[in-house]
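Raw contents of work-v9.cif, mmCIF, C-alpha atoms and all ligand atoms:
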```
data_structure
#
loop_
_atom_site.label_atom_id
_atom_site.label_comp_id
_atom_site.auth_asym_id
_atom_site.auth_seq_id
_atom_site.Cartn_x
_atom_site.Cartn_y
_atom_site.Cartn_z
CA MET J 1145 10.47 -13.89 64.36
CA ALA J 1146 13.27 -16.01 62.92
CA ASN J 1147 12.22 -14.99 59.40
CA ASP J 1148 12.99 -11.34 60.08
CA PHE J 1149 16.68 -12.10 60.62
CA PHE J 1150 18.73 -12.67 57.58
CA PHE J 1151 22.41 -12.62 56.78
CA SER J 1152 24.28 -13.36 53.63
CA ALA J 1153 27.75 -12.74 52.22
CA HIS J 1154 26.10 -10.12 50.01
CA TYR J 1155 25.00 -8.00 52.98
CA ILE J 1156 28.32 -8.47 54.77
CA GLU J 1157 30.11 -7.21 51.64
CA LEU J 1158 27.81 -4.20 51.44
CA CYS J 1159 28.53 -3.43 55.09
CA LEU J 1160 32.29 -3.80 54.64
CA ALA J 1161 32.04 -1.02 52.07
CA GLU J 1162 30.65 1.20 54.85
CA GLY J 1163 34.00 1.17 56.66
CA VAL J 1164 35.04 -0.16 60.05
CA THR J 1165 33.13 2.26 62.26
CA ARG J 1166 29.78 1.81 60.55
CA PHE J 1167 30.22 -1.93 59.95
CA PHE J 1168 28.45 -3.16 63.09
CA LEU J 1169 25.64 -0.63 62.77
CA CYS J 1170 25.12 -1.69 59.18
CA ILE J 1171 25.13 -5.41 60.03
CA GLY J 1172 22.47 -4.74 62.65
CA ILE J 1173 20.28 -2.99 60.09
CA GLN J 1174 20.76 -5.70 57.45
CA ALA J 1175 19.89 -8.44 59.94
CA LYS J 1176 16.45 -6.88 60.36
CA ARG J 1177 16.01 -6.06 56.70
CA LYS J 1178 12.97 -7.66 55.10
CA ASN J 1179 14.34 -9.77 52.29
CA VAL J 1180 11.03 -9.50 50.38
CA THR J 1181 12.02 -5.95 49.44
CA ASP J 1182 15.12 -7.02 47.53
CA ASN J 1183 15.18 -6.31 43.81
CA ILE J 1184 16.50 -9.09 41.60
CA ILE J 1185 18.73 -7.73 38.81
CA LEU J 1186 19.39 -9.93 35.79
CA ILE J 1187 22.58 -9.01 33.93
CA GLY J 1188 24.17 -10.58 30.86
CA PHE J 1189 25.02 -10.16 27.20
CA MET J 1190 22.58 -8.80 24.60
CA GLY J 1191 19.96 -11.32 23.53
CA VAL J 1192 20.70 -13.86 26.26
CA GLY J 1193 17.07 -13.78 27.43
CA LYS J 1194 17.12 -11.52 30.51
CA GLY J 1195 13.65 -10.08 29.78
CA ARG J 1196 12.12 -13.52 29.20
CA ALA J 1197 13.67 -14.90 32.38
CA ALA J 1198 12.53 -11.85 34.39
CA ARG J 1199 8.92 -12.24 33.23
CA ALA J 1200 8.97 -15.98 33.96
CA LEU J 1201 10.41 -15.32 37.42
CA ALA J 1202 7.78 -12.70 38.15
CA ALA J 1203 4.86 -14.83 36.93
CA GLY J 1204 2.66 -15.90 39.79
CA THR J 1205 4.74 -14.18 42.49
CA GLY J 1206 2.89 -10.86 42.66
CA ARG J 1207 6.14 -9.12 41.81
CA PHE J 1208 6.47 -6.91 38.75
CA ALA J 1209 9.18 -7.40 36.12
CA ILE J 1210 10.62 -4.23 34.60
CA ASP J 1211 13.40 -3.71 32.07
CA THR J 1212 16.02 -0.93 32.19
CA ASP J 1213 15.97 -0.47 28.40
CA ASP J 1214 12.16 -0.03 28.50
CA LEU J 1215 12.52 2.51 31.32
CA ILE J 1216 15.15 4.39 29.34
CA GLU J 1217 13.11 4.39 26.13
CA SER J 1218 10.06 5.75 27.91
CA PHE J 1219 12.21 8.36 29.70
CA LEU J 1220 13.94 9.46 26.48
CA LYS J 1221 10.77 9.07 24.39
CA THR J 1222 12.88 7.48 21.69
CA LYS J 1223 14.26 4.09 20.73
CA ILE J 1224 17.70 3.16 22.06
CA ARG J 1225 18.89 2.54 18.51
CA THR J 1226 17.95 6.13 17.56
CA PHE J 1227 19.49 7.59 20.72
CA PHE J 1228 22.75 5.71 20.07
CA ALA J 1229 22.87 7.01 16.48
CA GLU J 1230 22.14 10.63 17.49
CA HIS J 1231 24.06 10.97 20.76
CA GLY J 1232 26.54 8.08 20.90
CA GLU J 1233 27.30 5.40 23.46
CA PRO J 1234 28.77 7.57 26.27
CA ALA J 1235 25.53 9.59 26.42
CA PHE J 1236 23.57 6.33 26.62
CA ARG J 1237 25.74 5.13 29.54
CA GLN J 1238 24.94 8.35 31.39
CA VAL J 1239 21.22 7.71 31.00
CA GLU J 1240 21.77 4.13 32.24
CA GLN J 1241 23.41 5.57 35.36
CA GLN J 1242 20.42 7.90 35.82
CA ALA J 1243 18.12 4.91 35.56
CA ALA J 1244 20.25 3.02 38.11
CA ASN J 1245 20.06 5.98 40.53
CA TRP J 1246 16.29 6.02 40.15
CA VAL J 1247 16.08 2.27 40.80
CA GLU J 1248 18.23 2.62 43.91
CA GLN J 1249 16.02 5.36 45.32
CA GLN J 1250 12.57 4.27 44.17
CA VAL J 1251 12.33 0.57 43.40
CA GLN J 1252 11.96 -2.34 45.80
CA GLY J 1253 10.86 -5.94 45.50
CA THR J 1254 10.99 -5.89 41.71
CA ILE J 1255 12.53 -8.20 39.14
CA ILE J 1256 14.67 -6.12 36.81
CA SER J 1257 16.10 -7.21 33.49
CA SER J 1258 18.86 -4.92 32.30
CA GLY J 1259 20.59 -3.85 29.10
CA GLY J 1260 23.81 -5.71 28.34
CA GLY J 1261 26.02 -2.84 29.56
CA PHE J 1262 23.92 -1.82 32.56
CA PHE J 1263 26.11 -3.86 34.93
CA MET J 1264 28.75 -1.09 34.62
CA VAL J 1265 26.71 1.44 36.64
CA ASP J 1266 28.59 2.49 39.76
CA ASN J 1267 25.86 1.53 42.25
CA LEU J 1268 25.02 -1.97 40.94
CA PRO J 1269 25.54 -3.85 44.27
CA ARG J 1270 23.13 -1.48 46.00
CA LEU J 1271 20.31 -2.14 43.51
CA GLY J 1272 19.51 -5.70 44.56
CA ARG J 1273 20.65 -9.29 44.18
CA ILE J 1274 22.72 -9.67 41.03
CA VAL J 1275 22.20 -12.71 38.79
CA TYR J 1276 24.31 -13.26 35.65
CA LEU J 1277 22.67 -15.21 32.81
CA HIS J 1278 25.29 -16.96 30.72
CA SER J 1279 25.36 -18.44 27.25
CA SER J 1280 28.11 -18.64 24.64
CA LEU J 1281 27.89 -15.95 21.94
CA LYS J 1282 27.28 -18.69 19.38
CA GLY J 1283 24.28 -19.86 21.39
CA ILE J 1284 22.92 -16.32 21.74
CA LEU J 1285 23.19 -15.61 18.01
CA ALA J 1286 21.64 -18.95 17.07
CA THR J 1287 18.64 -18.31 19.36
CA LEU J 1288 18.20 -14.78 18.00
CA LYS J 1289 18.29 -16.02 14.41
CA GLN J 1290 15.63 -18.64 15.13
CA HIS J 1291 13.24 -16.01 16.49
CA PRO J 1292 10.23 -15.27 14.21
CA ASP J 1293 11.08 -11.56 14.58
CA ALA J 1294 14.84 -12.09 14.19
CA ASP J 1295 15.53 -9.10 11.93
CA ARG J 1296 14.01 -6.59 14.34
CA LYS J 1297 15.67 -8.28 17.36
CA ILE J 1298 19.11 -7.88 15.77
CA LYS J 1299 18.54 -4.44 14.20
CA LYS J 1300 17.45 -2.83 17.47
CA ARG J 1301 20.84 -3.61 19.09
CA PRO J 1302 23.52 -1.19 17.82
CA LEU J 1303 26.37 -3.16 19.39
CA LEU J 1304 25.32 -6.37 17.67
CA GLN J 1305 25.59 -5.07 14.11
CA ASP J 1306 29.22 -5.99 13.56
CA LYS J 1307 29.82 -9.65 14.43
CA ALA J 1308 33.59 -9.31 14.94
CA LYS J 1309 33.07 -6.38 17.32
CA ALA J 1310 30.32 -8.23 19.17
CA LYS J 1311 32.70 -11.17 19.60
CA GLU J 1312 35.33 -8.87 21.08
CA LEU J 1313 32.80 -7.20 23.35
CA PHE J 1314 31.60 -10.58 24.58
CA ALA J 1315 35.17 -11.66 25.42
CA THR J 1316 35.86 -8.40 27.27
CA ARG J 1317 32.63 -8.47 29.21
CA LEU J 1318 32.49 -12.12 30.22
CA PRO J 1319 34.91 -11.83 33.18
CA LEU J 1320 33.29 -8.54 34.18
CA TYR J 1321 29.79 -10.04 34.31
CA ARG J 1322 31.18 -12.85 36.43
CA GLN J 1323 32.86 -10.42 38.77
CA ALA J 1324 29.75 -8.26 39.12
CA ALA J 1325 27.31 -11.09 39.81
CA GLU J 1326 26.58 -13.07 42.93
CA VAL J 1327 25.56 -16.12 40.95
CA GLU J 1328 25.82 -17.40 37.37
CA ILE J 1329 22.98 -19.28 35.69
CA ASN J 1330 23.63 -21.13 32.46
CA VAL J 1331 20.79 -20.51 30.00
CA GLU J 1332 22.19 -22.11 26.84
CA GLY J 1333 19.81 -24.67 25.34
CA ARG J 1334 17.50 -24.42 28.35
CA LYS J 1335 13.82 -23.55 28.62
CA THR J 1336 12.98 -20.21 30.23
CA SER J 1337 10.93 -22.05 32.86
CA GLU J 1338 14.02 -24.08 33.89
CA VAL J 1339 16.14 -20.94 34.08
CA ALA J 1340 13.52 -19.19 36.21
CA ALA J 1341 13.28 -22.23 38.50
CA GLU J 1342 17.06 -22.27 39.02
CA ILE J 1343 17.13 -18.56 39.86
CA LYS J 1344 14.23 -19.10 42.26
CA ASP J 1345 16.09 -21.97 43.98
CA TRP J 1346 19.16 -19.79 44.44
CA LEU J 1347 17.07 -16.94 45.85
CA THR J 1348 15.35 -19.31 48.26
CA LYS J 1349 18.74 -20.53 49.50
CA GLU J 1350 19.74 -16.91 49.98
CA GLY J 1351 16.61 -16.23 52.01
CA VAL J 1352 14.95 -14.02 49.40
CA VAL J 1353 11.20 -14.55 49.30
CA LEU J 1354 9.54 -14.26 45.90
C1 LIG J 1401 23.60 -2.87 25.19
C2 LIG J 1401 22.58 -3.78 25.28
C3 LIG J 1401 21.20 -3.47 24.91
C4 LIG J 1401 20.92 -1.98 25.07
C5 LIG J 1401 21.93 -1.19 24.31
C6 LIG J 1401 23.38 -1.46 24.78
C7 LIG J 1401 24.97 -3.28 25.59
O1 LIG J 1401 20.30 -4.20 25.73
O2 LIG J 1401 20.94 -1.60 26.42
O3 LIG J 1401 21.79 -1.48 22.95
O4 LIG J 1401 25.82 -2.41 25.83
O5 LIG J 1401 25.22 -4.50 25.68
P1 LIG J 1401 20.02 -5.81 25.57
O6 LIG J 1401 21.02 -6.50 26.44
O7 LIG J 1401 18.63 -5.99 26.07
O8 LIG J 1401 20.16 -6.13 24.14
#
```
Could you quickly redo this structure as structure tokens?
Ligand code: S3P
Amino acid sequence: MANDFFFSAHYIELCLAEGVTRFFLCIGIQAKRKNVTDNIILIGFMGVGKGRAARALAAGTGRFAIDTDDLIESFLKTKIRTFFAEHGEPAFRQVEQQAANWVEQQVQGTIISSGGGFFMVDNLPRLGRIVYLHSSLKGILATLKQHPDADRKIKKRPLLQDKAKAKELFATRLPLYRQAAEVEINVEGRKTSEVAAEIKDWLTKEGVVL
């Protein structure tokens, strides 16, 4: 069936990483791969709305939306804020990598929102289709402040406590998010439903069935 055959630059890139000898074998496998099993990974800065967009994208599709921070908190049995304070950021990054390894081995066909630094895991391209949600930092902070639960939303994010440092982090990460993602979706000033619809359109063009 025509639907079973599917190529994209994403799969060709993954196969190039396999080396010359395995390239053709890999391309053959990818061509038969069922694109309904792809995970969709939403990356982007803290507070940009990855969780909201993931839930909106999942709604009505039969797919589940999960969040890497939620997975990590249930695995650690503690809040990320507490873990950061007790063990520091490098230890947190190690747990993120553990979560990424688990996703790679165990999770298919799922919409995954991720913590703002999750994109740095070393197996990101193998986890699914990577979508970067973009807003300016000003836009992100304004949206967070308008939230009825703004205090908690800001407090729970250790790397958002110092505004000057957050500004620096945003500037450092912006080109890295763009490099890591296959597509960039602008979310600033837009409704979650519009954002989800744009992601869905891109996935449809890529042959991913939601
Ligand atoms: C982090 C973002 C947070 C959380 C942790 C570290 C980061 O997730 O994973 O505090 O490094 O940007 P959100 O993006 O959901 O805030």
From J:Lys1307, J:Lys1297, J:Arg1273, J:His1231, residue lying nearest ligand LIG 1401 (chain J) [all atoms listed in the file]: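 For ligand LIG 1401 (chain J), the nearest of the given residues is J:Lys1297.
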Point out the residue among J:Val1353, J:Met1190, J:Val1265, J:Leu1277 with the least atom-to-atom distance to ligand LIG 1401 (chain J), counting all atoms listed in the file. J:Met1190
Contacts to ligand LIG 1401 (chain J) at 10 Å cut-off (only C-alpha atoms and all ligand atoms) as a ChimeraX atom specification: /J:1187-1195,1211-1214,1216-1217,1223-1225,1227-1228,1233,1236-1237,1240,1257-1264,1297-1304,1310,1313-1314,1317
Determine the nearest neighbour of Glu1328 of chain J from the options J:Leu1288, J:Ala1244, J:Leu1186, J:Ile1256, counting all atoms listed in the file.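 Closest to Glu1328 of chain J of all the choices is J:Leu1186.
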Set the distance at 6 Å and use only C-alpha atoms: which residues neighbour His1278 of chain J once local chain neighbours fewer than 5 positions away are removed? I'd like the list as a PyMOL selection string. chain J and resi 1329-1331
Residue subset to file, keeping C-alpha atoms, as a tab-separated table (two decimals), keeping the file's coordinate frame:
```tsv
chain	number	residue	atom	x	y	z
J	1329	ILE	CA	22.98	-19.28	35.69
J	1330	ASN	CA	23.63	-21.13	32.46
J	1331	VAL	CA	20.79	-20.51	30.00
```
Using all atoms listed in the file for the distances, tell me which of J:Asp1306, J:Gly1232, J:Ile1274, J:Gly1206 is nearest to Ile1343 of chain J.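 The shortest atom-to-atom distance to Ile1343 of chain J comes from J:Ile1274.
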Could you work out how far atom CA of Phe1208 of chain J lies from atom CA of Gly1253 of chain J, giving the answer in Å with one decimal? 8.1 Å
Which distance in Å separates atom CA of Arg1322 of chain J and atom CA of Tyr1276 of chain J, to one decimal?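 Taking atom CA of Arg1322 of chain J as the start and atom CA of Tyr1276 of chain J as the end point, the length is 6.9 Å.
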Go through segment 1263-1321 of chain J residue by residue and, counting all atoms listed in the file, keep those with an atom at most 12 Å from segment 1156-1170 of chain J; for each kept residue give the shortest atom pair and its distance in Å to one decimal, ordered by chain and increasing number, as JSON lines.
```
{"residue": "J:Asn1267", "atom": "CA", "partner": "J:Leu1158", "partner_atom": "CA", "distance": 11.0}
{"residue": "J:Leu1268", "atom": "CA", "partner": "J:Leu1158", "partner_atom": "CA", "distance": 11.1}
{"residue": "J:Pro1269", "atom": "CA", "partner": "J:Leu1158", "partner_atom": "CA", "distance": 7.5}
{"residue": "J:Arg1270", "atom": "CA", "partner": "J:Leu1158", "partner_atom": "CA", "distance": 7.7}
{"residue": "J:Leu1271", "atom": "CA", "partner": "J:Leu1158", "partner_atom": "CA", "distance": 11.1}
{"residue": "J:Gly1272", "atom": "CA", "partner": "J:Leu1158", "partner_atom": "CA", "distance": 10.9}
{"residue": "J:Arg1273", "atom": "CA", "partner": "J:Leu1158", "partner_atom": "CA", "distance": 11.4}
```
Selection from above, C-alpha atoms, as an mmCIF file, keeping the file's coordinate frame, can you write it?
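Output file out.cif follows:
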```cif
data_model
loop_
_atom_site.group_PDB
_atom_site.id
_atom_site.type_symbol
_atom_site.label_atom_id
_atom_site.label_comp_id
_atom_site.auth_asym_id
_atom_site.auth_seq_id
_atom_site.Cartn_x
_atom_site.Cartn_y
_atom_site.Cartn_z
ATOM 1 C CA ASN J 1267 25.860 1.530 42.250
ATOM 2 C CA LEU J 1268 25.020 -1.970 40.940
ATOM 3 C CA PRO J 1269 25.540 -3.850 44.270
ATOM 4 C CA ARG J 1270 23.130 -1.480 46.000
ATOM 5 C CA LEU J 1271 20.310 -2.140 43.510
ATOM 6 C CA GLY J 1272 19.510 -5.700 44.560
ATOM 7 C CA ARG J 1273 20.650 -9.290 44.180
#
```
Atom CA of Val1180 of chain J and atom CA of Val1352 of chain J are how many Å apart?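 One can read the atom CA of Val1180 of chain J to atom CA of Val1352 of chain J distance as 6.1 Å.
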Give the answer as one residue: which of J:Ile1210, J:Val1247, J:Leu1281, J:Val1339 has the shortest atom-to-atom distance to Glu1312 of chain J, using all atoms listed in the file?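 Smallest separation from Glu1312 of chain J among the options: J:Leu1281.
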From the coordinates supplied, segment 1282-1311 of chain J should be written with N, CA and C atoms, as an mmCIF file, in the first residue's frame.
```
data_model
loop_
_atom_site.group_PDB
_atom_site.id
_atom_site.type_symbol
_atom_site.label_atom_id
_atom_site.label_comp_id
_atom_site.auth_asym_id
_atom_site.auth_seq_id
_atom_site.Cartn_x
_atom_site.Cartn_y
_atom_site.Cartn_z
ATOM 1 N N LYS J 1282 10.406 37.842 26.528
ATOM 2 C CA LYS J 1282 9.448 38.837 27.027
ATOM 3 C C LYS J 1282 8.020 38.265 26.968
ATOM 4 N N GLY J 1283 7.710 37.656 25.846
ATOM 5 C CA GLY J 1283 6.387 37.054 25.654
ATOM 6 C C GLY J 1283 6.133 35.928 26.649
ATOM 7 N N ILE J 1284 7.151 35.108 26.877
ATOM 8 C CA ILE J 1284 7.006 33.979 27.809
ATOM 9 C C ILE J 1284 6.729 34.504 29.225
ATOM 10 N N LEU J 1285 7.529 35.495 29.642
ATOM 11 C CA LEU J 1285 7.375 36.014 31.010
ATOM 12 C C LEU J 1285 6.031 36.715 31.187
ATOM 13 N N ALA J 1286 5.599 37.429 30.153
ATOM 14 C CA ALA J 1286 4.308 38.124 30.237
ATOM 15 C C ALA J 1286 3.181 37.104 30.388
ATOM 16 N N THR J 1287 3.226 36.022 29.608
ATOM 17 C CA THR J 1287 2.176 34.990 29.693
ATOM 18 C C THR J 1287 2.187 34.327 31.067
ATOM 19 N N LEU J 1288 3.393 34.036 31.575
ATOM 20 C CA LEU J 1288 3.480 33.392 32.893
ATOM 21 C C LEU J 1288 2.887 34.298 33.978
ATOM 22 N N LYS J 1289 3.193 35.588 33.871
ATOM 23 C CA LYS J 1289 2.724 36.521 34.909
ATOM 24 C C LYS J 1289 1.212 36.682 34.899
ATOM 25 N N GLN J 1290 0.623 36.504 33.702
ATOM 26 C CA GLN J 1290 -0.845 36.649 33.599
ATOM 27 C C GLN J 1290 -1.582 35.430 34.139
ATOM 28 N N HIS J 1291 -0.871 34.336 34.321
ATOM 29 C CA HIS J 1291 -1.517 33.081 34.737
ATOM 30 C C HIS J 1291 -2.083 33.225 36.151
ATOM 31 N N PRO J 1292 -3.297 32.681 36.406
ATOM 32 C CA PRO J 1292 -3.881 32.793 37.758
ATOM 33 C C PRO J 1292 -2.976 32.172 38.837
ATOM 34 N N ASP J 1293 -2.157 31.185 38.415
ATOM 35 C CA ASP J 1293 -1.271 30.521 39.375
ATOM 36 C C ASP J 1293 0.195 30.923 39.109
ATOM 37 N N ALA J 1294 0.381 32.208 38.778
ATOM 38 C CA ALA J 1294 1.696 32.684 38.309
ATOM 39 C C ALA J 1294 2.832 32.401 39.292
ATOM 40 N N ASP J 1295 2.572 32.642 40.573
ATOM 41 C CA ASP J 1295 3.645 32.479 41.578
ATOM 42 C C ASP J 1295 4.218 31.079 41.557
ATOM 43 N N ARG J 1296 3.304 30.089 41.569
ATOM 44 C CA ARG J 1296 3.739 28.684 41.594
ATOM 45 C C ARG J 1296 4.459 28.333 40.292
ATOM 46 N N LYS J 1297 3.916 28.841 39.168
ATOM 47 C CA LYS J 1297 4.502 28.545 37.840
ATOM 48 C C LYS J 1297 5.948 29.039 37.753
ATOM 49 N N ILE J 1298 6.221 30.170 38.379
ATOM 50 C CA ILE J 1298 7.580 30.737 38.328
ATOM 51 C C ILE J 1298 8.477 30.051 39.366
ATOM 52 N N LYS J 1299 7.936 29.869 40.569
ATOM 53 C CA LYS J 1299 8.714 29.276 41.670
ATOM 54 C C LYS J 1299 9.213 27.871 41.358
ATOM 55 N N LYS J 1300 8.398 27.103 40.619
ATOM 56 C CA LYS J 1300 8.778 25.691 40.398
ATOM 57 C C LYS J 1300 9.941 25.547 39.409
ATOM 58 N N ARG J 1301 10.345 26.660 38.770
ATOM 59 C CA ARG J 1301 11.406 26.582 37.758
ATOM 60 C C ARG J 1301 12.698 27.227 38.272
ATOM 61 N N PRO J 1302 13.641 26.402 38.746
ATOM 62 C CA PRO J 1302 14.855 26.953 39.372
ATOM 63 C C PRO J 1302 15.639 27.883 38.447
ATOM 64 N N LEU J 1303 15.613 27.602 37.149
ATOM 65 C CA LEU J 1303 16.432 28.411 36.234
ATOM 66 C C LEU J 1303 15.720 29.688 35.769
ATOM 67 N N LEU J 1304 14.547 29.931 36.364
ATOM 68 C CA LEU J 1304 13.812 31.144 35.997
ATOM 69 C C LEU J 1304 13.801 32.151 37.156
ATOM 70 N N GLN J 1305 14.541 31.845 38.206
ATOM 71 C CA GLN J 1305 14.486 32.690 39.399
ATOM 72 C C GLN J 1305 15.238 34.014 39.223
ATOM 73 N N ASP J 1306 16.330 33.951 38.481
ATOM 74 C CA ASP J 1306 17.133 35.156 38.271
ATOM 75 C C ASP J 1306 16.917 35.619 36.829
ATOM 76 N N LYS J 1307 16.291 36.789 36.669
ATOM 77 C CA LYS J 1307 15.867 37.216 35.331
ATOM 78 C C LYS J 1307 17.059 37.428 34.387
ATOM 79 N N ALA J 1308 18.153 37.993 34.930
ATOM 80 C CA ALA J 1308 19.328 38.248 34.068
ATOM 81 C C ALA J 1308 19.908 36.927 33.569
ATOM 82 N N LYS J 1309 19.943 35.927 34.467
ATOM 83 C CA LYS J 1309 20.487 34.617 34.082
ATOM 84 C C LYS J 1309 19.555 33.927 33.081
ATOM 85 N N ALA J 1310 18.264 34.089 33.296
ATOM 86 C CA ALA J 1310 17.290 33.478 32.372
ATOM 87 C C ALA J 1310 17.445 34.090 30.973
ATOM 88 N N LYS J 1311 17.730 35.396 30.946
ATOM 89 C CA LYS J 1311 17.907 36.098 29.672
ATOM 90 C C LYS J 1311 19.131 35.541 28.926
#
```
